[in-house]
>>> print(open('target.txt').read())   # compact mmCIF, N, CA and C atoms
# COMPACT_ATOMS: atom_id res chain seq x y z
N MET O 1 -12.25 3.10 -18.05
CA MET O 1 -11.19 3.66 -18.85
C MET O 1 -10.99 2.82 -20.10
N THR O 2 -10.67 3.46 -21.19
CA THR O 2 -10.33 2.77 -22.43
C THR O 2 -8.83 2.83 -22.61
N TYR O 3 -8.24 1.67 -22.88
CA TYR O 3 -6.79 1.58 -23.01
C TYR O 3 -6.40 1.21 -24.43
N PRO O 4 -5.26 1.72 -24.91
CA PRO O 4 -4.75 1.34 -26.22
C PRO O 4 -4.28 -0.12 -26.22
N THR O 5 -3.82 -0.59 -27.35
CA THR O 5 -3.35 -1.96 -27.51
C THR O 5 -2.25 -2.31 -26.51
N ARG O 6 -2.28 -3.55 -26.03
CA ARG O 6 -1.31 -4.06 -25.06
C ARG O 6 -0.59 -5.25 -25.68
N THR O 7 0.75 -5.27 -25.60
CA THR O 7 1.54 -6.38 -26.14
C THR O 7 2.59 -6.79 -25.11
N PRO O 8 2.21 -7.66 -24.16
CA PRO O 8 3.19 -8.10 -23.17
C PRO O 8 4.19 -9.07 -23.80
N ILE O 9 5.46 -8.90 -23.44
CA ILE O 9 6.50 -9.82 -23.89
C ILE O 9 6.93 -10.71 -22.73
N LEU O 10 7.04 -10.13 -21.54
CA LEU O 10 7.42 -10.88 -20.36
C LEU O 10 6.45 -10.56 -19.23
N THR O 11 5.77 -11.59 -18.75
CA THR O 11 4.92 -11.44 -17.58
C THR O 11 5.38 -12.42 -16.53
N ARG O 12 5.12 -12.08 -15.28
CA ARG O 12 5.48 -12.98 -14.18
C ARG O 12 4.46 -12.81 -13.08
N GLY O 13 4.38 -13.78 -12.21
CA GLY O 13 3.47 -13.70 -11.08
C GLY O 13 4.18 -13.15 -9.86
N ILE O 14 3.50 -12.27 -9.15
CA ILE O 14 4.04 -11.70 -7.91
C ILE O 14 2.94 -11.72 -6.86
N GLY O 15 3.30 -12.10 -5.64
CA GLY O 15 2.37 -12.05 -4.53
C GLY O 15 2.26 -10.64 -3.99
N LEU O 16 1.05 -10.14 -3.86
CA LEU O 16 0.86 -8.78 -3.37
C LEU O 16 1.00 -8.71 -1.85
N THR O 17 1.62 -7.65 -1.39
CA THR O 17 1.72 -7.40 0.05
C THR O 17 0.93 -6.15 0.43
N ALA O 18 0.17 -5.61 -0.55
CA ALA O 18 -0.70 -4.45 -0.34
C ALA O 18 -1.81 -4.53 -1.38
N THR O 19 -2.86 -3.76 -1.20
CA THR O 19 -3.92 -3.69 -2.20
C THR O 19 -3.44 -2.81 -3.36
N ILE O 20 -3.56 -3.34 -4.57
CA ILE O 20 -3.10 -2.66 -5.78
C ILE O 20 -4.26 -2.63 -6.78
N ALA O 21 -4.47 -1.49 -7.43
CA ALA O 21 -5.52 -1.34 -8.43
C ALA O 21 -5.04 -1.82 -9.81
N ASP O 22 -5.97 -1.96 -10.74
CA ASP O 22 -5.64 -2.35 -12.11
C ASP O 22 -4.71 -1.33 -12.75
N HIS O 23 -3.76 -1.82 -13.54
CA HIS O 23 -2.87 -1.00 -14.37
C HIS O 23 -1.96 -0.07 -13.57
N ILE O 24 -1.62 -0.48 -12.35
CA ILE O 24 -0.74 0.29 -11.47
C ILE O 24 0.59 -0.45 -11.34
N ALA O 25 1.68 0.31 -11.29
CA ALA O 25 3.02 -0.28 -11.13
C ALA O 25 3.18 -0.81 -9.71
N ILE O 26 3.94 -1.90 -9.59
CA ILE O 26 4.26 -2.43 -8.26
C ILE O 26 5.76 -2.66 -8.14
N GLY O 27 6.24 -2.63 -6.91
CA GLY O 27 7.63 -2.90 -6.62
C GLY O 27 7.89 -4.39 -6.53
N TYR O 28 9.15 -4.75 -6.42
CA TYR O 28 9.54 -6.16 -6.32
C TYR O 28 9.03 -6.81 -5.05
N ASP O 29 8.66 -6.00 -4.06
CA ASP O 29 8.14 -6.55 -2.79
C ASP O 29 6.64 -6.78 -2.82
N GLY O 30 5.98 -6.52 -3.96
CA GLY O 30 4.54 -6.74 -4.07
C GLY O 30 3.70 -5.60 -3.55
N ALA O 31 4.32 -4.47 -3.25
CA ALA O 31 3.61 -3.29 -2.76
C ALA O 31 3.79 -2.15 -3.75
N LEU O 32 3.18 -1.02 -3.46
CA LEU O 32 3.38 0.16 -4.30
C LEU O 32 4.86 0.53 -4.31
N PRO O 33 5.36 1.04 -5.42
CA PRO O 33 6.78 1.38 -5.51
C PRO O 33 7.10 2.66 -4.75
N THR O 34 8.37 2.86 -4.50
CA THR O 34 8.85 4.13 -3.98
C THR O 34 8.79 5.14 -5.11
N ALA O 35 8.41 6.38 -4.83
CA ALA O 35 8.36 7.41 -5.87
C ALA O 35 9.74 7.52 -6.54
N GLY O 36 9.75 7.41 -7.86
CA GLY O 36 11.00 7.51 -8.61
C GLY O 36 11.86 6.27 -8.56
N GLY O 37 11.36 5.20 -7.95
CA GLY O 37 12.14 3.98 -7.79
C GLY O 37 11.91 2.96 -8.88
N GLN O 38 12.57 1.82 -8.72
CA GLN O 38 12.42 0.72 -9.67
C GLN O 38 11.06 0.06 -9.48
N ILE O 39 10.61 -0.63 -10.54
CA ILE O 39 9.35 -1.37 -10.47
C ILE O 39 9.57 -2.79 -10.98
N ALA O 40 8.74 -3.70 -10.50
CA ALA O 40 8.74 -5.06 -11.04
C ALA O 40 7.95 -5.09 -12.34
N GLY O 41 6.95 -4.22 -12.44
CA GLY O 41 6.11 -4.14 -13.63
C GLY O 41 4.77 -3.54 -13.30
N VAL O 42 3.81 -3.80 -14.18
CA VAL O 42 2.46 -3.25 -14.05
C VAL O 42 1.46 -4.40 -13.91
N CYS O 43 0.57 -4.29 -12.92
CA CYS O 43 -0.50 -5.28 -12.72
C CYS O 43 -1.57 -5.07 -13.77
N GLU O 44 -1.88 -6.11 -14.54
CA GLU O 44 -2.99 -5.99 -15.48
C GLU O 44 -4.29 -5.87 -14.70
N PHE O 45 -4.45 -6.73 -13.72
CA PHE O 45 -5.61 -6.69 -12.83
C PHE O 45 -5.08 -6.65 -11.42
N GLY O 46 -5.52 -5.68 -10.65
CA GLY O 46 -5.05 -5.53 -9.28
C GLY O 46 -5.59 -6.62 -8.37
N GLY O 47 -5.33 -6.44 -7.09
CA GLY O 47 -5.80 -7.40 -6.10
C GLY O 47 -5.50 -6.91 -4.70
N ASP O 48 -5.79 -7.77 -3.75
CA ASP O 48 -5.57 -7.46 -2.34
C ASP O 48 -4.32 -8.16 -1.82
N SER O 49 -3.84 -7.72 -0.69
CA SER O 49 -2.69 -8.34 -0.07
C SER O 49 -2.93 -9.84 0.06
N GLY O 50 -1.94 -10.62 -0.36
CA GLY O 50 -2.05 -12.08 -0.34
C GLY O 50 -2.43 -12.67 -1.68
N ASP O 51 -2.99 -11.86 -2.59
CA ASP O 51 -3.32 -12.33 -3.93
C ASP O 51 -2.05 -12.49 -4.75
N TYR O 52 -2.09 -13.39 -5.68
CA TYR O 52 -1.00 -13.62 -6.63
C TYR O 52 -1.47 -13.05 -7.96
N VAL O 53 -0.74 -12.08 -8.53
CA VAL O 53 -1.19 -11.40 -9.75
C VAL O 53 -0.16 -11.50 -10.86
N SER O 54 -0.65 -11.32 -12.09
CA SER O 54 0.20 -11.28 -13.27
C SER O 54 0.72 -9.86 -13.46
N VAL O 55 2.04 -9.75 -13.63
CA VAL O 55 2.69 -8.45 -13.77
C VAL O 55 3.48 -8.45 -15.07
N THR O 56 3.24 -7.43 -15.90
CA THR O 56 4.00 -7.28 -17.15
C THR O 56 5.25 -6.47 -16.87
N SER O 57 6.40 -7.03 -17.23
CA SER O 57 7.69 -6.38 -16.99
C SER O 57 8.39 -5.92 -18.25
N LEU O 58 7.93 -6.40 -19.40
CA LEU O 58 8.57 -6.06 -20.67
C LEU O 58 7.51 -6.06 -21.75
N GLY O 59 7.55 -5.06 -22.61
CA GLY O 59 6.60 -4.97 -23.71
C GLY O 59 5.80 -3.68 -23.65
N LEU O 60 4.71 -3.66 -24.40
CA LEU O 60 3.80 -2.52 -24.44
C LEU O 60 2.67 -2.80 -23.45
N ASP O 61 2.29 -1.78 -22.69
CA ASP O 61 1.36 -2.03 -21.59
C ASP O 61 0.39 -0.88 -21.41
N HIS O 62 -0.66 -1.14 -20.66
CA HIS O 62 -1.62 -0.14 -20.24
C HIS O 62 -1.22 0.32 -18.84
N ALA O 63 -1.35 1.61 -18.59
CA ALA O 63 -1.02 2.13 -17.27
C ALA O 63 -1.93 3.32 -16.96
N VAL O 64 -1.75 3.89 -15.78
CA VAL O 64 -2.52 5.05 -15.35
C VAL O 64 -1.55 6.21 -15.14
N SER O 65 -1.92 7.38 -15.67
CA SER O 65 -1.07 8.56 -15.50
C SER O 65 -1.24 9.13 -14.10
N GLY O 66 -0.15 9.68 -13.57
CA GLY O 66 -0.19 10.36 -12.28
C GLY O 66 -0.13 11.87 -12.46
N ALA O 67 0.02 12.30 -13.70
CA ALA O 67 0.10 13.72 -14.07
C ALA O 67 -0.09 13.79 -15.58
N ALA O 68 -0.17 14.98 -16.12
CA ALA O 68 -0.26 15.13 -17.57
C ALA O 68 1.00 14.55 -18.23
N ILE O 69 0.80 13.85 -19.33
CA ILE O 69 1.89 13.33 -20.14
C ILE O 69 1.67 13.95 -21.52
N PRO O 70 2.36 15.06 -21.79
CA PRO O 70 2.02 15.89 -22.94
C PRO O 70 2.43 15.37 -24.32
N SER O 71 3.34 14.41 -24.38
CA SER O 71 3.77 13.95 -25.70
C SER O 71 4.20 12.49 -25.66
N VAL O 72 4.24 11.91 -26.83
CA VAL O 72 4.70 10.53 -27.02
C VAL O 72 6.22 10.52 -26.97
N GLY O 73 6.81 9.47 -26.43
CA GLY O 73 8.26 9.32 -26.41
C GLY O 73 8.93 9.88 -25.17
N LEU O 74 8.15 10.35 -24.20
CA LEU O 74 8.74 10.87 -22.96
C LEU O 74 9.23 9.75 -22.06
N ASP O 75 10.35 9.97 -21.40
CA ASP O 75 10.79 9.05 -20.35
C ASP O 75 9.87 9.23 -19.16
N LEU O 76 9.47 8.10 -18.57
CA LEU O 76 8.54 8.13 -17.44
C LEU O 76 9.13 7.46 -16.22
N LYS O 77 8.71 7.94 -15.05
CA LYS O 77 9.01 7.31 -13.77
C LYS O 77 7.67 7.11 -13.08
N VAL O 78 7.68 6.53 -11.89
CA VAL O 78 6.42 6.33 -11.16
C VAL O 78 6.38 7.21 -9.93
N ASP O 79 5.15 7.54 -9.52
CA ASP O 79 4.97 8.24 -8.26
C ASP O 79 4.69 7.21 -7.17
N ALA O 80 4.48 7.65 -5.95
CA ALA O 80 4.28 6.73 -4.83
C ALA O 80 2.96 5.96 -4.90
N ALA O 81 2.07 6.37 -5.82
CA ALA O 81 0.80 5.66 -6.02
C ALA O 81 0.90 4.65 -7.15
N GLY O 82 2.11 4.48 -7.73
CA GLY O 82 2.30 3.52 -8.81
C GLY O 82 1.81 4.01 -10.16
N LYS O 83 1.58 5.32 -10.28
CA LYS O 83 1.13 5.91 -11.53
C LYS O 83 2.33 6.52 -12.26
N PHE O 84 2.20 6.64 -13.57
CA PHE O 84 3.32 7.08 -14.40
C PHE O 84 3.29 8.59 -14.63
N ILE O 85 4.47 9.21 -14.46
CA ILE O 85 4.63 10.66 -14.61
C ILE O 85 5.89 10.94 -15.41
N PRO O 86 5.97 12.11 -16.07
CA PRO O 86 7.20 12.43 -16.79
C PRO O 86 8.42 12.42 -15.86
N GLN O 87 9.56 11.95 -16.37
CA GLN O 87 10.75 11.79 -15.54
C GLN O 87 11.20 13.10 -14.95
N GLY O 88 11.41 14.12 -15.73
CA GLY O 88 11.66 15.47 -15.26
C GLY O 88 12.71 15.67 -14.18
N GLY O 89 13.80 14.95 -14.20
CA GLY O 89 14.87 15.16 -13.22
C GLY O 89 15.28 13.87 -12.54
N ALA O 90 15.19 13.85 -11.22
CA ALA O 90 15.63 12.69 -10.45
C ALA O 90 14.61 11.55 -10.56
N GLY O 91 15.10 10.34 -10.38
CA GLY O 91 14.23 9.16 -10.41
C GLY O 91 14.62 8.23 -11.53
N THR O 92 14.25 6.98 -11.38
CA THR O 92 14.58 5.94 -12.34
C THR O 92 13.58 5.94 -13.49
N VAL O 93 14.08 5.99 -14.71
CA VAL O 93 13.22 5.86 -15.89
C VAL O 93 12.80 4.40 -15.99
N VAL O 94 11.48 4.14 -15.98
CA VAL O 94 10.97 2.77 -16.02
C VAL O 94 10.14 2.49 -17.27
N ALA O 95 9.80 3.55 -18.02
CA ALA O 95 8.97 3.38 -19.21
C ALA O 95 9.11 4.58 -20.13
N ARG O 96 8.53 4.42 -21.32
CA ARG O 96 8.46 5.49 -22.30
C ARG O 96 7.00 5.62 -22.72
N SER O 97 6.52 6.86 -22.89
CA SER O 97 5.11 7.06 -23.25
C SER O 97 4.86 6.74 -24.72
N LEU O 98 3.76 6.03 -24.97
CA LEU O 98 3.33 5.72 -26.33
C LEU O 98 2.03 6.44 -26.66
N SER O 99 1.47 7.13 -25.67
CA SER O 99 0.28 7.96 -25.87
C SER O 99 0.38 9.12 -24.89
N THR O 100 -0.57 10.02 -24.97
CA THR O 100 -0.57 11.19 -24.10
C THR O 100 -1.71 11.10 -23.08
N ALA O 101 -1.62 11.93 -22.05
CA ALA O 101 -2.68 12.06 -21.06
C ALA O 101 -2.74 13.54 -20.68
N SER O 102 -3.93 14.10 -20.61
CA SER O 102 -4.06 15.52 -20.32
C SER O 102 -4.06 15.83 -18.83
N ALA O 103 -4.18 14.80 -17.99
CA ALA O 103 -4.21 14.99 -16.54
C ALA O 103 -3.92 13.66 -15.85
N ALA O 104 -3.95 13.68 -14.54
CA ALA O 104 -3.76 12.44 -13.76
C ALA O 104 -4.98 11.53 -13.91
N ASP O 105 -4.76 10.25 -13.61
CA ASP O 105 -5.82 9.23 -13.59
C ASP O 105 -6.45 8.97 -14.95
N GLN O 106 -5.64 9.10 -16.00
CA GLN O 106 -6.09 8.77 -17.34
C GLN O 106 -5.30 7.59 -17.88
N PRO O 107 -5.90 6.83 -18.80
CA PRO O 107 -5.15 5.72 -19.39
C PRO O 107 -4.01 6.23 -20.26
N VAL O 108 -2.91 5.53 -20.20
CA VAL O 108 -1.75 5.88 -21.02
C VAL O 108 -1.07 4.59 -21.46
N ALA O 109 -0.62 4.57 -22.70
CA ALA O 109 0.13 3.42 -23.21
C ALA O 109 1.61 3.65 -22.93
N ILE O 110 2.28 2.61 -22.47
CA ILE O 110 3.70 2.72 -22.15
C ILE O 110 4.49 1.57 -22.78
N GLU O 111 5.76 1.80 -22.92
CA GLU O 111 6.72 0.76 -23.28
C GLU O 111 7.66 0.61 -22.10
N HIS O 112 7.71 -0.57 -21.52
CA HIS O 112 8.61 -0.81 -20.40
C HIS O 112 10.06 -0.69 -20.85
N VAL O 113 10.91 -0.12 -20.01
CA VAL O 113 12.35 -0.10 -20.24
C VAL O 113 13.03 -0.75 -19.05
N ARG O 114 14.21 -1.30 -19.26
CA ARG O 114 14.93 -1.95 -18.16
C ARG O 114 15.22 -0.94 -17.07
N ASN O 115 15.03 -1.35 -15.83
CA ASN O 115 15.30 -0.45 -14.70
C ASN O 115 15.92 -1.21 -13.56
>>> encode(input="target.txt", output="structure tokens")
Amino acid sequence: MTYPTRTPILTRGIGLTATIADHIAIGYDGALPTAGGQIAGVCEFGGDSGDYVSVTSLGLDHAVSGAAIPSVGLDLKVDAAGKFIPQGGAGTVVARSLSTASAADQPVAIEHVRN
């Protein structure tokens, strides 16, 4: 996958409690987030349970879409796979889209928002 520019402002290390792929959101417990829930941030490089990874929590980031993201500036939430989808109702807004995606499993640029 090709990703747009990334500008992390705040990164932190989190110990994984599950296997996480590159550019996927994780929860504060080091596992995949609850669908529509809060996130600790996005793993630049994934890892296996027990690994300690760098997670971006603030700034511009690379992520993976979980559905089509038709326009820039959309509020985004995460699905249970840690991928970003349009907010569209219930769920915590965790990011804003900075690029589009025509389907799931495509690279998308995001701006983290406080959650």
>>> atom_distance(input="target.txt", atom1="CA of Ser99 (chain O)", atom2="CA of Ile69 (chain O)")
8.0 Å
>>> atom_distance(input="target.txt", atom1="CA of Pro8 (chain O)", atom2="atom C of His112 (chain O)")
10.4 Å
>>> closest_residue(input="target.txt", among="O:Ile26, O:Ala80, O:Leu16, O:Val108", to="Val53 (chain O)", atoms="only N, CA and C atoms")
O:Leu16
>>> select_by_dssp(input="target.txt", residues="chain O", states="strand (DSSP E)", output="mmCIF file with N, CA and C atoms, keeping the file's coordinate frame")
data_model
loop_
_atom_site.group_PDB
_atom_site.id
_atom_site.type_symbol
_atom_site.label_atom_id
_atom_site.label_comp_id
_atom_site.auth_asym_id
_atom_site.auth_seq_id
_atom_site.Cartn_x
_atom_site.Cartn_y
_atom_site.Cartn_z
ATOM 1 N N THR O 7 0.750 -5.270 -25.600
ATOM 2 C CA THR O 7 1.540 -6.380 -26.140
ATOM 3 C C THR O 7 2.590 -6.790 -25.110
ATOM 4 N N PRO O 8 2.210 -7.660 -24.160
ATOM 5 C CA PRO O 8 3.190 -8.100 -23.170
ATOM 6 C C PRO O 8 4.190 -9.070 -23.800
ATOM 7 N N ILE O 9 5.460 -8.900 -23.440
ATOM 8 C CA ILE O 9 6.500 -9.820 -23.890
ATOM 9 C C ILE O 9 6.930 -10.710 -22.730
ATOM 10 N N LEU O 10 7.040 -10.130 -21.540
ATOM 11 C CA LEU O 10 7.420 -10.880 -20.360
ATOM 12 C C LEU O 10 6.450 -10.560 -19.230
ATOM 13 N N THR O 11 5.770 -11.590 -18.750
ATOM 14 C CA THR O 11 4.920 -11.440 -17.580
ATOM 15 C C THR O 11 5.380 -12.420 -16.530
ATOM 16 N N ARG O 12 5.120 -12.080 -15.280
ATOM 17 C CA ARG O 12 5.480 -12.980 -14.180
ATOM 18 C C ARG O 12 4.460 -12.810 -13.080
ATOM 19 N N GLY O 13 4.380 -13.780 -12.210
ATOM 20 C CA GLY O 13 3.470 -13.700 -11.080
ATOM 21 C C GLY O 13 4.180 -13.150 -9.860
ATOM 22 N N ILE O 14 3.500 -12.270 -9.150
ATOM 23 C CA ILE O 14 4.040 -11.700 -7.910
ATOM 24 C C ILE O 14 2.940 -11.720 -6.860
ATOM 25 N N GLY O 15 3.300 -12.100 -5.640
ATOM 26 C CA GLY O 15 2.370 -12.050 -4.530
ATOM 27 C C GLY O 15 2.260 -10.640 -3.990
ATOM 28 N N ALA O 25 1.680 0.310 -11.290
ATOM 29 C CA ALA O 25 3.020 -0.280 -11.130
ATOM 30 C C ALA O 25 3.180 -0.810 -9.710
ATOM 31 N N ILE O 26 3.940 -1.900 -9.590
ATOM 32 C CA ILE O 26 4.260 -2.430 -8.260
ATOM 33 C C ILE O 26 5.760 -2.660 -8.140
ATOM 34 N N GLY O 41 6.950 -4.220 -12.440
ATOM 35 C CA GLY O 41 6.110 -4.140 -13.630
ATOM 36 C C GLY O 41 4.770 -3.540 -13.300
ATOM 37 N N VAL O 42 3.810 -3.800 -14.180
ATOM 38 C CA VAL O 42 2.460 -3.250 -14.050
ATOM 39 C C VAL O 42 1.460 -4.400 -13.910
ATOM 40 N N CYS O 43 0.570 -4.290 -12.920
ATOM 41 C CA CYS O 43 -0.500 -5.280 -12.720
ATOM 42 C C CYS O 43 -1.570 -5.070 -13.770
ATOM 43 N N TYR O 52 -2.090 -13.390 -5.680
ATOM 44 C CA TYR O 52 -1.000 -13.620 -6.630
ATOM 45 C C TYR O 52 -1.470 -13.050 -7.960
ATOM 46 N N VAL O 53 -0.740 -12.080 -8.530
ATOM 47 C CA VAL O 53 -1.190 -11.400 -9.750
ATOM 48 C C VAL O 53 -0.160 -11.500 -10.860
ATOM 49 N N SER O 54 -0.650 -11.320 -12.090
ATOM 50 C CA SER O 54 0.200 -11.280 -13.270
ATOM 51 C C SER O 54 0.720 -9.860 -13.460
ATOM 52 N N VAL O 55 2.040 -9.750 -13.630
ATOM 53 C CA VAL O 55 2.690 -8.450 -13.770
ATOM 54 C C VAL O 55 3.480 -8.450 -15.070
ATOM 55 N N THR O 56 3.240 -7.430 -15.900
ATOM 56 C CA THR O 56 4.000 -7.280 -17.150
ATOM 57 C C THR O 56 5.250 -6.470 -16.870
ATOM 58 N N SER O 57 6.400 -7.030 -17.230
ATOM 59 C CA SER O 57 7.690 -6.380 -16.990
ATOM 60 C C SER O 57 8.390 -5.920 -18.250
ATOM 61 N N LEU O 58 7.930 -6.400 -19.400
ATOM 62 C CA LEU O 58 8.570 -6.060 -20.670
ATOM 63 C C LEU O 58 7.510 -6.060 -21.750
ATOM 64 N N GLY O 59 7.550 -5.060 -22.610
ATOM 65 C CA GLY O 59 6.600 -4.970 -23.710
ATOM 66 C C GLY O 59 5.800 -3.680 -23.650
ATOM 67 N N LEU O 60 4.710 -3.660 -24.400
ATOM 68 C CA LEU O 60 3.800 -2.520 -24.440
ATOM 69 C C LEU O 60 2.670 -2.800 -23.450
ATOM 70 N N ASP O 61 2.290 -1.780 -22.690
ATOM 71 C CA ASP O 61 1.360 -2.030 -21.590
ATOM 72 C C ASP O 61 0.390 -0.880 -21.410
ATOM 73 N N HIS O 62 -0.660 -1.140 -20.660
ATOM 74 C CA HIS O 62 -1.620 -0.140 -20.240
ATOM 75 C C HIS O 62 -1.220 0.320 -18.840
ATOM 76 N N ALA O 63 -1.350 1.610 -18.590
ATOM 77 C CA ALA O 63 -1.020 2.130 -17.270
ATOM 78 C C ALA O 63 -1.930 3.320 -16.960
ATOM 79 N N VAL O 64 -1.750 3.890 -15.780
ATOM 80 C CA VAL O 64 -2.520 5.050 -15.350
ATOM 81 C C VAL O 64 -1.550 6.210 -15.140
ATOM 82 N N ASP O 75 10.350 9.970 -21.400
ATOM 83 C CA ASP O 75 10.790 9.050 -20.350
ATOM 84 C C ASP O 75 9.870 9.230 -19.160
ATOM 85 N N LEU O 76 9.470 8.100 -18.570
ATOM 86 C CA LEU O 76 8.540 8.130 -17.440
ATOM 87 C C LEU O 76 9.130 7.460 -16.220
ATOM 88 N N LYS O 77 8.710 7.940 -15.050
ATOM 89 C CA LYS O 77 9.010 7.310 -13.770
ATOM 90 C C LYS O 77 7.670 7.110 -13.080
ATOM 91 N N VAL O 78 7.680 6.530 -11.890
ATOM 92 C CA VAL O 78 6.420 6.330 -11.160
ATOM 93 C C VAL O 78 6.380 7.210 -9.930
ATOM 94 N N PHE O 84 2.200 6.640 -13.570
ATOM 95 C CA PHE O 84 3.320 7.080 -14.400
ATOM 96 C C PHE O 84 3.290 8.590 -14.630
ATOM 97 N N ILE O 85 4.470 9.210 -14.460
ATOM 98 C CA ILE O 85 4.630 10.660 -14.610
ATOM 99 C C ILE O 85 5.890 10.940 -15.410
ATOM 100 N N PRO O 86 5.970 12.110 -16.070
ATOM 101 C CA PRO O 86 7.200 12.430 -16.790
ATOM 102 C C PRO O 86 8.420 12.420 -15.860
ATOM 103 N N ALA O 95 9.800 3.550 -18.020
ATOM 104 C CA ALA O 95 8.970 3.380 -19.210
ATOM 105 C C ALA O 95 9.110 4.580 -20.130
ATOM 106 N N ARG O 96 8.530 4.420 -21.320
ATOM 107 C CA ARG O 96 8.460 5.490 -22.300
ATOM 108 C C ARG O 96 7.000 5.620 -22.720
ATOM 109 N N SER O 97 6.520 6.860 -22.890
ATOM 110 C CA SER O 97 5.110 7.060 -23.250
ATOM 111 C C SER O 97 4.860 6.740 -24.720
ATOM 112 N N PRO O 107 -5.900 6.830 -18.800
ATOM 113 C CA PRO O 107 -5.150 5.720 -19.390
ATOM 114 C C PRO O 107 -4.010 6.230 -20.260
ATOM 115 N N VAL O 108 -2.910 5.530 -20.200
ATOM 116 C CA VAL O 108 -1.750 5.880 -21.020
ATOM 117 C C VAL O 108 -1.070 4.590 -21.460
ATOM 118 N N ALA O 109 -0.620 4.570 -22.700
ATOM 119 C CA ALA O 109 0.130 3.420 -23.210
ATOM 120 C C ALA O 109 1.610 3.650 -22.930
ATOM 121 N N ILE O 110 2.280 2.610 -22.470
ATOM 122 C CA ILE O 110 3.700 2.720 -22.150
ATOM 123 C C ILE O 110 4.490 1.570 -22.780
ATOM 124 N N GLU O 111 5.760 1.800 -22.920
ATOM 125 C CA GLU O 111 6.720 0.760 -23.280
ATOM 126 C C GLU O 111 7.660 0.610 -22.100
ATOM 127 N N HIS O 112 7.710 -0.570 -21.520
ATOM 128 C CA HIS O 112 8.610 -0.810 -20.400
ATOM 129 C C HIS O 112 10.060 -0.690 -20.850
#
>>> closest_residue(input="target.txt", among="O:Ile9, O:Ala90, O:Ile24, O:Ala81", to="His62 (chain O)", atoms="only N, CA and C atoms")
O:Ile24
>>> atom_distance(input="target.txt", atom1="atom N of Ala104 (chain O)", atom2="atom C of Ser65 (chain O)")
5.3 Å
>>> closest_residue(input="target.txt", among="O:Pro107, O:Val113, O:Ala25, O:Gly82", to="Ala95 (chain O)", atoms="only N, CA and C atoms")
O:Val113
>>> closest_residue(input="target.txt", among="O:Gly50, O:Thr7, O:Asp79, O:Leu58", to="Pro33 (chain O)", atoms="all atoms listed in the file")
O:Asp79
>>> closest_residue(input="target.txt", among="O:Thr5, O:Gln38, O:Gln106, O:Ser54", to="Thr92 (chain O)", atoms="only C-alpha atoms")
O:Gln38
>>> closest_residue(input="target.txt", among="O:Ala103, O:Val55, O:Val42, O:Ala35", to="Gly13 (chain O)", atoms="all atoms listed in the file")
O:Val55
>>> residues_around(input="target.txt", residues="Ala101 (chain O)", least_positions_apart="2", cutoff="12 Å", atoms="only C-alpha atoms", output="list in words")
Tyr3, Ala63, Val64, Ser65, Gly66, Ala67, Ala68, Ile69, Pro70, Ser71, Val72, Leu74, Lys83, Phe84, Ile85, Pro86, Ser97, Leu98, Ser99, Ala103, Ala104, Asp105, Gln106, Pro107, Val108, Ala109 and Ile110 of chain O
